[in-house]
Amino acid sequence: MIRDREFYKTILRISLPAAFQSLVSFLVVVADDVMVSKLPNAVAAQAAVSQVNSITAFYTATLTGLVSGSSVLISQYWGKKDMARIRRIFSVVLWFCALVSLIFVALARLIPEPIIHLVIGAGEAEVVALALEYFSIACWTYIPFAITTSLIGMLRSIEVVRITLVTTVMTLFINVGLNYVLIFGHLGFPALGVRGAAIATLVARIAEVCVVWLYTFRIQKKLEIRPRDLLCIDRMLGRDYARYGLPVGLTDMQWSLIGMLKAAIIGQMGASFMAANSIANNMATLGTLFTSALAGGACVVVGKAVGRGDYDTAREYSKTIQLLFFLIGLVMAALVFLLRVPFTRLYGSSADPEVFSLATTMIAILAVTLVGTCYHASCFVGINRGAGDSRFVAMVDMICGWLVVLPATLLAAFVFHWPLPVVFLCTRIDQCFKWIIAFIRLRGDKWIRNVTRESAAS
C-alpha cells in the first residue's frame, strides 16, 4: 500500500468531484425516468425514453471515450509540465468531438425512424411513437454535450475539477425543475409528456456549455488557453492522438455499440422487459459511480508517473489502486442488493407486477457481477489507459463483446428462449471473467508505455 499522503490527496481531489458529477448526472436520469413513469401510459413512456437513451448512451460513450483518449496524452504531458502541447491537444480533441456530434445529429434528423427501430420492435407501435417524439428533440443535446464533455474531461486531466461541481448541480436543478413544469404542465405551461423531458434536457445542456466555456477561457488559471488557440491544429499531436488516444474512443464506441445492440435485443422482447432493464441499468450506474470516478483519478496519477519516467512508482500506484477498486466493489455490490426493492418502488411502473418482479430479480443478478465490474473496468479505464496501454484494453473489450456477450444474448433470447432474467445475465456474462484478464495484465510490465515526445513544444 502507498503511504504517500500526496497520492491519496491527488486521487481524491480528482475523484470526489467526478463522483459527485456522476451522482448528479445519475440523479438527472433517474428523475427523468421516475417522472415519466408517473404518466398515464407509464410502461410505454418509460420504455420509449429508456430505449432512446440507449442510443444516446452510444453517443455519450463515444464522446467520453474520445475525451478519455486525450487523457492518455494530457496526463503524461502534465507530468512533464509541457503546457504548450497540452493546449494543442485541447484543440485536436475539441474539433474531433464537435465533428462527431454533428454527424450524430445529422443522422438523427435525417433517418430517425430506422434508428428507433434498431432498439424497439415494430410491433410496439405506442412505444415507437413516443420514442420518435422524444428523440426529435433530445438529439439536439448532442452538440452542447460534445463541447462540455471535451473541455471538462481535458481540464480534469490537469487536475482542474471544481467546474464539475458547479455544472452538475446547475444541470440537476434546471433539468428537474423544467421536467416538473413541462412533463406535467405546471405553472401555466402545457403538459408535454416525453417532449417536455427532452426540452428540459436540451435547455440544461445549453446552460451547461455556456458555463463551462466561460470557466475554461476566462476563470481557471492552471492552463492559459484562449478560444483562438483552438484554431491551431498540430498535425504531429493529431497523429499521436490517433495512435494512442483514438483507440480509447473506438473501444468505448464499439462497447457502447454492443450496449445498443443488447438494448435492441431487449427491445424485441416487450415493453415490460424494456422498462425493467431501464431500472436495472440505472441501478448499475449507481453501483459503479465511485469506482468510475476513482478510475479517472487513477488515470491521471499513473499517467503523470509514467510521463516523468518513474515506472516503479507507477507500479506501486497500480497495486494500491487495484485494492481500492476491489474493496469498493464489495461494498457497492452489497448496497445494490440491499436497495433493489426500495429503488424499484421509486418508479410508477413498479405498480405493474411483471415489471417489479423482473427489475428486482435483474438487480440481484447485477449485484453478483458488480465486484468484477468495479475491479476490471476501473483497472482498464484508469491504470491501463493512464499508462498508455489502451490498445490492449481495446482488444479485450472487442473480443469479449463481439465473440462472447452478443452471441450469448442472442442465443438465450431467440434460440433457447430462456427466461428474461437469464437473458439479462447473458448481457453481463463478461463481467464474470474480465477481472481475471485485468489482474493478470497488471502483474507484468507490458502495460507501461510512455507515449510522450521528448522535446519541448515551441
# chains A, B, ... in the order shown; residues from 1 in each chain; ligands from 1
call {"tool": "residues_around", "arguments": {"residues": "Pro247 (chain A)", "least_positions_apart": "5", "cutoff": "9 Å", "atoms": "only C-alpha atoms", "output": "JSON, numbers by chain"}}
result
{"A": [65, 66, 69, 241, 242, 252, 390, 391, 393, 394]}
call {"tool": "residues_around", "arguments": {"residues": "Gln76 (chain A)", "least_positions_apart": "3", "cutoff": "10 Å", "atoms": "only C-alpha atoms", "output": "NGL selection string"}}
result
:A and (71-73 or 79-82 or 86 or 157-158 or 299-309 or 386-388 or 450-453)
call {"tool": "write_last_selection", "arguments": {"atoms": "N, CA and C atoms", "output": "PDB file, in the first residue's frame"}}
result
ATOM      1  N   SER A  71      -6.798  11.974 -22.339  1.00  0.00           N
ATOM      2  CA  SER A  71      -6.147  11.932 -21.021  1.00  0.00           C
ATOM      3  C   SER A  71      -4.908  11.063 -21.035  1.00  0.00           C
ATOM      4  N   VAL A  72      -4.848  10.101 -21.959  1.00  0.00           N
ATOM      5  CA  VAL A  72      -3.631   9.288 -22.098  1.00  0.00           C
ATOM      6  C   VAL A  72      -2.442  10.195 -22.392  1.00  0.00           C
ATOM      7  N   LEU A  73      -2.631  11.160 -23.309  1.00  0.00           N
ATOM      8  CA  LEU A  73      -1.562  12.092 -23.667  1.00  0.00           C
ATOM      9  C   LEU A  73      -1.442  13.230 -22.662  1.00  0.00           C
ATOM     10  N   GLY A  79       2.590  15.466 -16.456  1.00  0.00           N
ATOM     11  CA  GLY A  79       3.719  15.044 -15.629  1.00  0.00           C
ATOM     12  C   GLY A  79       5.006  15.742 -16.021  1.00  0.00           C
ATOM     13  N   LYS A  80       5.126  16.116 -17.319  1.00  0.00           N
ATOM     14  CA  LYS A  80       6.296  16.843 -17.815  1.00  0.00           C
ATOM     15  C   LYS A  80       6.127  18.355 -17.740  1.00  0.00           C
ATOM     16  N   LYS A  81       4.910  18.820 -17.424  1.00  0.00           N
ATOM     17  CA  LYS A  81       4.580  20.261 -17.397  1.00  0.00           C
ATOM     18  C   LYS A  81       4.768  20.904 -18.779  1.00  0.00           C
ATOM     19  N   ASP A  82       4.446  20.155 -19.828  1.00  0.00           N
ATOM     20  CA  ASP A  82       4.543  20.665 -21.197  1.00  0.00           C
ATOM     21  C   ASP A  82       3.201  21.290 -21.582  1.00  0.00           C
ATOM     22  N   ILE A  86      -0.144  20.531 -24.341  1.00  0.00           N
ATOM     23  CA  ILE A  86      -1.469  20.283 -23.772  1.00  0.00           C
ATOM     24  C   ILE A  86      -2.505  21.180 -24.446  1.00  0.00           C
ATOM     25  N   SER A 157      -7.819  16.204 -16.624  1.00  0.00           N
ATOM     26  CA  SER A 157      -6.514  15.566 -16.804  1.00  0.00           C
ATOM     27  C   SER A 157      -5.367  16.421 -16.276  1.00  0.00           C
ATOM     28  N   ILE A 158      -5.614  17.736 -16.105  1.00  0.00           N
ATOM     29  CA  ILE A 158      -4.597  18.602 -15.492  1.00  0.00           C
ATOM     30  C   ILE A 158      -5.035  19.026 -14.086  1.00  0.00           C
ATOM     31  N   CYS A 299      -6.123   7.309 -13.647  1.00  0.00           N
ATOM     32  CA  CYS A 299      -5.555   7.605 -14.961  1.00  0.00           C
ATOM     33  C   CYS A 299      -4.569   8.769 -14.884  1.00  0.00           C
ATOM     34  N   VAL A 300      -4.931   9.790 -14.118  1.00  0.00           N
ATOM     35  CA  VAL A 300      -4.074  10.975 -14.017  1.00  0.00           C
ATOM     36  C   VAL A 300      -2.804  10.679 -13.229  1.00  0.00           C
ATOM     37  N   VAL A 301      -2.934  10.055 -12.045  1.00  0.00           N
ATOM     38  CA  VAL A 301      -1.741   9.847 -11.207  1.00  0.00           C
ATOM     39  C   VAL A 301      -0.799   8.832 -11.837  1.00  0.00           C
ATOM     40  N   VAL A 302      -1.337   7.778 -12.432  1.00  0.00           N
ATOM     41  CA  VAL A 302      -0.476   6.794 -13.103  1.00  0.00           C
ATOM     42  C   VAL A 302       0.155   7.421 -14.344  1.00  0.00           C
ATOM     43  N   GLY A 303      -0.636   8.175 -15.108  1.00  0.00           N
ATOM     44  CA  GLY A 303      -0.110   8.829 -16.307  1.00  0.00           C
ATOM     45  C   GLY A 303       1.007   9.808 -15.987  1.00  0.00           C
ATOM     46  N   LYS A 304       0.845  10.579 -14.912  1.00  0.00           N
ATOM     47  CA  LYS A 304       1.904  11.522 -14.504  1.00  0.00           C
ATOM     48  C   LYS A 304       3.196  10.775 -14.171  1.00  0.00           C
ATOM     49  N   ALA A 305       3.069   9.669 -13.432  1.00  0.00           N
ATOM     50  CA  ALA A 305       4.261   8.905 -13.051  1.00  0.00           C
ATOM     51  C   ALA A 305       4.951   8.322 -14.283  1.00  0.00           C
ATOM     52  N   VAL A 306       4.186   7.776 -15.210  1.00  0.00           N
ATOM     53  CA  VAL A 306       4.763   7.217 -16.426  1.00  0.00           C
ATOM     54  C   VAL A 306       5.371   8.322 -17.286  1.00  0.00           C
ATOM     55  N   GLY A 307       4.695   9.463 -17.377  1.00  0.00           N
ATOM     56  CA  GLY A 307       5.184  10.576 -18.185  1.00  0.00           C
ATOM     57  C   GLY A 307       6.533  11.103 -17.735  1.00  0.00           C
ATOM     58  N   ARG A 308       6.755  11.099 -16.423  1.00  0.00           N
ATOM     59  CA  ARG A 308       8.068  11.574 -15.937  1.00  0.00           C
ATOM     60  C   ARG A 308       9.088  10.442 -15.803  1.00  0.00           C
ATOM     61  N   GLY A 309       8.704   9.225 -16.266  1.00  0.00           N
ATOM     62  CA  GLY A 309       9.640   8.104 -16.292  1.00  0.00           C
ATOM     63  C   GLY A 309       9.801   7.363 -14.987  1.00  0.00           C
ATOM     64  N   GLY A 386      -4.091   5.171 -18.355  1.00  0.00           N
ATOM     65  CA  GLY A 386      -3.138   6.180 -17.883  1.00  0.00           C
ATOM     66  C   GLY A 386      -1.709   5.816 -18.227  1.00  0.00           C
ATOM     67  N   ALA A 387      -1.425   4.513 -18.251  1.00  0.00           N
ATOM     68  CA  ALA A 387      -0.072   4.044 -18.556  1.00  0.00           C
ATOM     69  C   ALA A 387       0.168   3.872 -20.048  1.00  0.00           C
ATOM     70  N   GLY A 388      -0.818   4.225 -20.876  1.00  0.00           N
ATOM     71  CA  GLY A 388      -0.642   4.136 -22.329  1.00  0.00           C
ATOM     72  C   GLY A 388      -0.959   2.782 -22.926  1.00  0.00           C
ATOM     73  N   ASN A 450       5.240   4.705 -22.238  1.00  0.00           N
ATOM     74  CA  ASN A 450       5.394   6.162 -22.237  1.00  0.00           C
ATOM     75  C   ASN A 450       5.122   6.663 -23.652  1.00  0.00           C
ATOM     76  N   VAL A 451       4.069   7.481 -23.825  1.00  0.00           N
ATOM     77  CA  VAL A 451       3.657   7.920 -25.163  1.00  0.00           C
ATOM     78  C   VAL A 451       4.010   9.386 -25.436  1.00  0.00           C
ATOM     79  N   THR A 452       4.795  10.007 -24.553  1.00  0.00           N
ATOM     80  CA  THR A 452       5.139  11.413 -24.759  1.00  0.00           C
ATOM     81  C   THR A 452       6.350  11.543 -25.683  1.00  0.00           C
ATOM     82  N   ARG A 453       6.496  12.755 -26.246  1.00  0.00           N
ATOM     83  CA  ARG A 453       7.676  13.089 -27.060  1.00  0.00           C
ATOM     84  C   ARG A 453       8.673  13.826 -26.179  1.00  0.00           C
TER      85      ARG A 453
END
call {"tool": "residues_around", "arguments": {"residues": "Gln220 (chain A)", "least_positions_apart": "3", "cutoff": "10 Å", "atoms": "only C-alpha atoms", "output": "ChimeraX atom specification"}}
result
/A:155,160,162-163,214-217,223-225
call {"tool": "residues_around", "arguments": {"residues": "Ala334 (chain A)", "least_positions_apart": "4", "cutoff": "10 Å", "atoms": "only C-alpha atoms", "output": "PyMOL selection string"}}
result
chain A and resi 287+329-330+338-339+364+367-368+370-371
call {"tool": "write_last_selection", "arguments": {"atoms": "N, CA and C atoms", "output": "short mmCIF file (atom, residue, chain, number, x, y, z; two decimals), in the first residue's frame"}}
result
data_model
loop_
_atom_site.label_atom_id
_atom_site.label_comp_id
_atom_site.auth_asym_id
_atom_site.auth_seq_id
_atom_site.Cartn_x
_atom_site.Cartn_y
_atom_site.Cartn_z
N GLY A 287 -24.21 1.69 -8.87
CA GLY A 287 -23.25 0.78 -8.27
C GLY A 287 -21.82 0.99 -8.71
N GLY A 329 -15.82 -2.28 -4.74
CA GLY A 329 -16.73 -3.17 -5.44
C GLY A 329 -17.53 -4.04 -4.50
N LEU A 330 -16.88 -4.57 -3.45
CA LEU A 330 -17.59 -5.37 -2.46
C LEU A 330 -18.68 -4.57 -1.77
N LEU A 338 -29.09 -4.80 -1.39
CA LEU A 338 -29.99 -4.40 -0.31
C LEU A 338 -31.02 -3.36 -0.75
N LEU A 339 -30.64 -2.53 -1.73
CA LEU A 339 -31.53 -1.43 -2.15
C LEU A 339 -32.40 -1.78 -3.34
N ALA A 364 -30.67 -8.09 -8.57
CA ALA A 364 -29.96 -9.09 -7.77
C ALA A 364 -28.85 -9.75 -8.58
N ALA A 367 -25.98 -7.36 -8.89
CA ALA A 367 -25.16 -7.25 -7.68
C ALA A 367 -24.08 -8.32 -7.65
N VAL A 368 -24.43 -9.52 -8.10
CA VAL A 368 -23.46 -10.63 -8.09
C VAL A 368 -22.27 -10.34 -9.00
N LEU A 370 -21.18 -7.35 -9.85
CA LEU A 370 -20.67 -5.97 -9.70
C LEU A 370 -19.24 -5.89 -9.19
N VAL A 371 -18.82 -6.85 -8.35
CA VAL A 371 -17.45 -6.80 -7.83
C VAL A 371 -16.45 -6.88 -8.98
#
call {"tool": "closest_residue", "arguments": {"among": "A:Ile206, A:Val119, A:Ile74, A:Ile137", "to": "Ile89 (chain A)", "atoms": "only C-alpha atoms"}}
result
A:Ile74
call {"tool": "residues_around", "arguments": {"residues": "Ser150 (chain A)", "least_positions_apart": "3", "cutoff": "8 Å", "atoms": "only C-alpha atoms", "output": "PDB file with N, CA and C atoms, in the first residue's frame"}}
result
ATOM      1  N   LEU A  63     -18.258   9.855 -27.202  1.00  0.00           N
ATOM      2  CA  LEU A  63     -17.624  11.141 -26.878  1.00  0.00           C
ATOM      3  C   LEU A  63     -16.742  11.036 -25.642  1.00  0.00           C
ATOM      4  N   THR A  64     -17.247  10.358 -24.623  1.00  0.00           N
ATOM      5  CA  THR A  64     -16.459  10.199 -23.395  1.00  0.00           C
ATOM      6  C   THR A  64     -15.182   9.420 -23.684  1.00  0.00           C
ATOM      7  N   VAL A  67     -12.656  11.670 -25.408  1.00  0.00           N
ATOM      8  CA  VAL A  67     -12.045  12.589 -24.428  1.00  0.00           C
ATOM      9  C   VAL A  67     -11.113  11.822 -23.493  1.00  0.00           C
ATOM     10  N   VAL A  93      -8.745  17.573 -29.897  1.00  0.00           N
ATOM     11  CA  VAL A  93      -9.844  16.773 -29.347  1.00  0.00           C
ATOM     12  C   VAL A  93     -11.180  17.501 -29.462  1.00  0.00           C
ATOM     13  N   LEU A  94     -11.187  18.803 -29.194  1.00  0.00           N
ATOM     14  CA  LEU A  94     -12.447  19.549 -29.261  1.00  0.00           C
ATOM     15  C   LEU A  94     -13.026  19.527 -30.675  1.00  0.00           C
ATOM     16  N   CYS A  97     -14.392  16.006 -31.470  1.00  0.00           N
ATOM     17  CA  CYS A  97     -15.665  15.742 -30.793  1.00  0.00           C
ATOM     18  C   CYS A  97     -16.803  16.526 -31.443  1.00  0.00           C
ATOM     19  N   ALA A 146     -21.044  17.646 -26.515  1.00  0.00           N
ATOM     20  CA  ALA A 146     -19.707  17.384 -27.058  1.00  0.00           C
ATOM     21  C   ALA A 146     -18.700  18.421 -26.567  1.00  0.00           C
ATOM     22  N   ILE A 147     -19.093  19.687 -26.608  1.00  0.00           N
ATOM     23  CA  ILE A 147     -18.180  20.757 -26.186  1.00  0.00           C
ATOM     24  C   ILE A 147     -17.929  20.677 -24.684  1.00  0.00           C
ATOM     25  N   GLY A 153     -13.436  17.100 -19.521  1.00  0.00           N
ATOM     26  CA  GLY A 153     -12.573  15.921 -19.472  1.00  0.00           C
ATOM     27  C   GLY A 153     -11.104  16.279 -19.576  1.00  0.00           C
ATOM     28  N   MET A 154     -10.777  17.216 -20.452  1.00  0.00           N
ATOM     29  CA  MET A 154      -9.375  17.606 -20.604  1.00  0.00           C
ATOM     30  C   MET A 154      -8.884  18.418 -19.412  1.00  0.00           C
TER      31      MET A 154
END
call {"tool": "residues_around", "arguments": {"residues": "region 423-428 of chain A", "least_positions_apart": "6", "cutoff": "7 Å", "atoms": "only C-alpha atoms", "output": "ChimeraX atom specification"}}
result
/A:262,362,365,405,408-409,412-413
call {"tool": "write_last_selection", "arguments": {"atoms": "C-alpha atoms", "output": "CSV table (one decimal), in the first residue's frame"}}
result
chain,number,residue,atom,x,y,z
A,262,LYS,CA,-28.1,-5.5,-26.4
A,362,MET,CA,-32.3,-8.4,-12.6
A,365,ILE,CA,-28.1,-10.6,-10.7
A,405,VAL,CA,-21.7,-11.2,-24.9
A,408,ALA,CA,-24.7,-15.5,-25.7
A,409,THR,CA,-27.5,-12.9,-25.5
A,412,ALA,CA,-30.5,-17.0,-24.9
A,413,ALA,CA,-33.2,-14.7,-26.3
call {"tool": "closest_residue", "arguments": {"among": "A:Leu294, A:Ala438, A:Cys139, A:Ala191", "to": "Leu178 (chain A)", "atoms": "only C-alpha atoms"}}
result
A:Ala191
call {"tool": "residues_around", "arguments": {"residues": "Val52 (chain A)", "least_positions_apart": "4", "cutoff": "7 Å", "atoms": "only C-alpha atoms", "output": "ChimeraX atom specification"}}
result
/A:48,56,131,135
